[in-house]
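Q: One structure is given below, represented as structure tokens, and several questions about it will come after.
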Amino acid sequence: MIRDQLPRWTFASILSHMNTNITGIHTHMEGEAHDTSGQSDWTMVRVTGPNIAEVSKTLLRIECTVNIIIGTVKHSTNLYQESTNIGIVTGSFTDIDLYKYGNEVGDDGSFLGCLKLQPTRQIADKITVTRYGQIDPEVKLHQAVVTGDYEMLIEDS
């Protein structure tokens with residue numbers, strides 16, 4: 001049964017996909033030690049799930065949400081840097097190939113299927129952008145979050 005391995009493979013595949021596709025901004029992965037001092041722009045990739053539901057005796061539905069937090073140091077010369085960073089991050093929200101990534105028995109890197117980007121909040125938009133602005137008046141940092149929901153069906157052998 002692959003059900004027990006799906007959380008690791010899903011998490012690792014999403015992190016690998018985002019790390020490859022977010023270019024030009026320092027990217028931190030959830031659970032990784034990170035230091036943003038000295039960096040004007042950074043992202044943090046977070047994954048909620050996967051939620052795994054049994055559709056039939058041998059078919060599973062995987063659902064997860066990807067949140068990418070964006071930190072942009074307030075620029076006095078470029079008022080659009082945060083928007084540029086949001087554009088880079090939203091471009092990484094594409095379908096994600098799921099592989100058997102890891103360092104445990106059975107983690108051979110083989111392809112399992114594709115996590116498909118899904119509509120959110122009962123509207124056709126697939127990606128949600130939330131801008132929080134400058135949260136702390138003492139820290140010249142703008143923050144935003146880009147969110148997308150993913151789903152995949154997979155045979156449970």
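So you can find residues: chains in the structure tokens are A, B, ... in the order shown, residues in each start at 1, and ligands are numbered from 1 in order.
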Among chain A, which residues carry a DSSP assignment of strand (DSSP E), reported as a count of residues only?
A: 68
Q: Find the residues around range 63-66 of chain A up to 12 Å (only C-alpha atoms counted), leave out those fewer than 5 positions away in its own chain, and share them as a PyMOL selection string.
A: chain A and resi 6-7+10-11+13-15+17-18+29-30+44-54+89-90+92-96+114-120+126-129+145-154
Q: Which residues are near Ile135 in chain A? Cut-off 12 Å, only C-alpha atoms, ignore same chain within fewer than 2 positions. Put them as a PDB file with C-alpha atoms, in the first residue's frame.
A:
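That gives us out36.pdb:
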ATOM      1  CA  GLY A  71       8.864  38.699   2.063  1.00  0.00           C
ATOM      2  CA  THR A  72       9.987  41.806   0.184  1.00  0.00           C
ATOM      3  CA  VAL A  73      12.098  44.493   1.811  1.00  0.00           C
ATOM      4  CA  LYS A  74      10.454  47.848   1.151  1.00  0.00           C
ATOM      5  CA  ARG A 131      -1.158  41.061   0.381  1.00  0.00           C
ATOM      6  CA  TYR A 132      -0.547  41.901   4.031  1.00  0.00           C
ATOM      7  CA  GLY A 133       1.628  44.964   3.466  1.00  0.00           C
ATOM      8  CA  PRO A 137       6.046  49.392  11.496  1.00  0.00           C
ATOM      9  CA  GLU A 138       9.633  48.895  12.720  1.00  0.00           C
ATOM     10  CA  VAL A 139      10.490  46.364   9.993  1.00  0.00           C
ATOM     11  CA  LYS A 140      10.480  47.634   6.400  1.00  0.00           C
ATOM     12  CA  LEU A 141       9.157  44.347   5.026  1.00  0.00           C
ATOM     13  CA  HIS A 142       6.068  43.738   2.902  1.00  0.00           C
ATOM     14  CA  GLN A 143       4.483  40.303   3.141  1.00  0.00           C
ATOM     15  CA  ALA A 144       2.124  38.439   0.844  1.00  0.00           C
TER      16      ALA A 144
END
Q: By how many Å are CA of Asn67 in chain A and CA of Ala12 in chain A apart?
A: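 Interatomic distance, CA of Asn67 in chain A to CA of Ala12 in chain A: 14.7 Å.
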Q: Might you pull out every residue within 9 Å of range 104-111 of chain A, with only C-alpha atoms counted and same-chain residues fewer than 5 positions away left off, and present them as an mmCIF file with N, CA and C atoms, in the first residue's frame?
A:
data_model
loop_
_atom_site.group_PDB
_atom_site.id
_atom_site.type_symbol
_atom_site.label_atom_id
_atom_site.label_comp_id
_atom_site.auth_asym_id
_atom_site.auth_seq_id
_atom_site.Cartn_x
_atom_site.Cartn_y
_atom_site.Cartn_z
ATOM 1 N N GLN A 5 3.043 6.105 2.430
ATOM 2 C CA GLN A 5 4.183 6.848 1.886
ATOM 3 C C GLN A 5 3.780 8.180 1.247
ATOM 4 N N TRP A 9 6.065 11.567 -0.010
ATOM 5 C CA TRP A 9 6.262 11.770 -1.442
ATOM 6 C C TRP A 9 5.592 13.046 -1.928
ATOM 7 N N ASP A 97 4.294 17.216 -10.771
ATOM 8 C CA ASP A 97 4.523 15.782 -10.881
ATOM 9 C C ASP A 97 4.885 15.212 -9.520
ATOM 10 N N LEU A 98 4.279 14.074 -9.184
ATOM 11 C CA LEU A 98 4.498 13.405 -7.903
ATOM 12 C C LEU A 98 5.430 12.224 -8.124
ATOM 13 N N TYR A 99 6.530 12.207 -7.364
ATOM 14 C CA TYR A 99 7.537 11.158 -7.464
ATOM 15 C C TYR A 99 7.747 10.499 -6.107
#
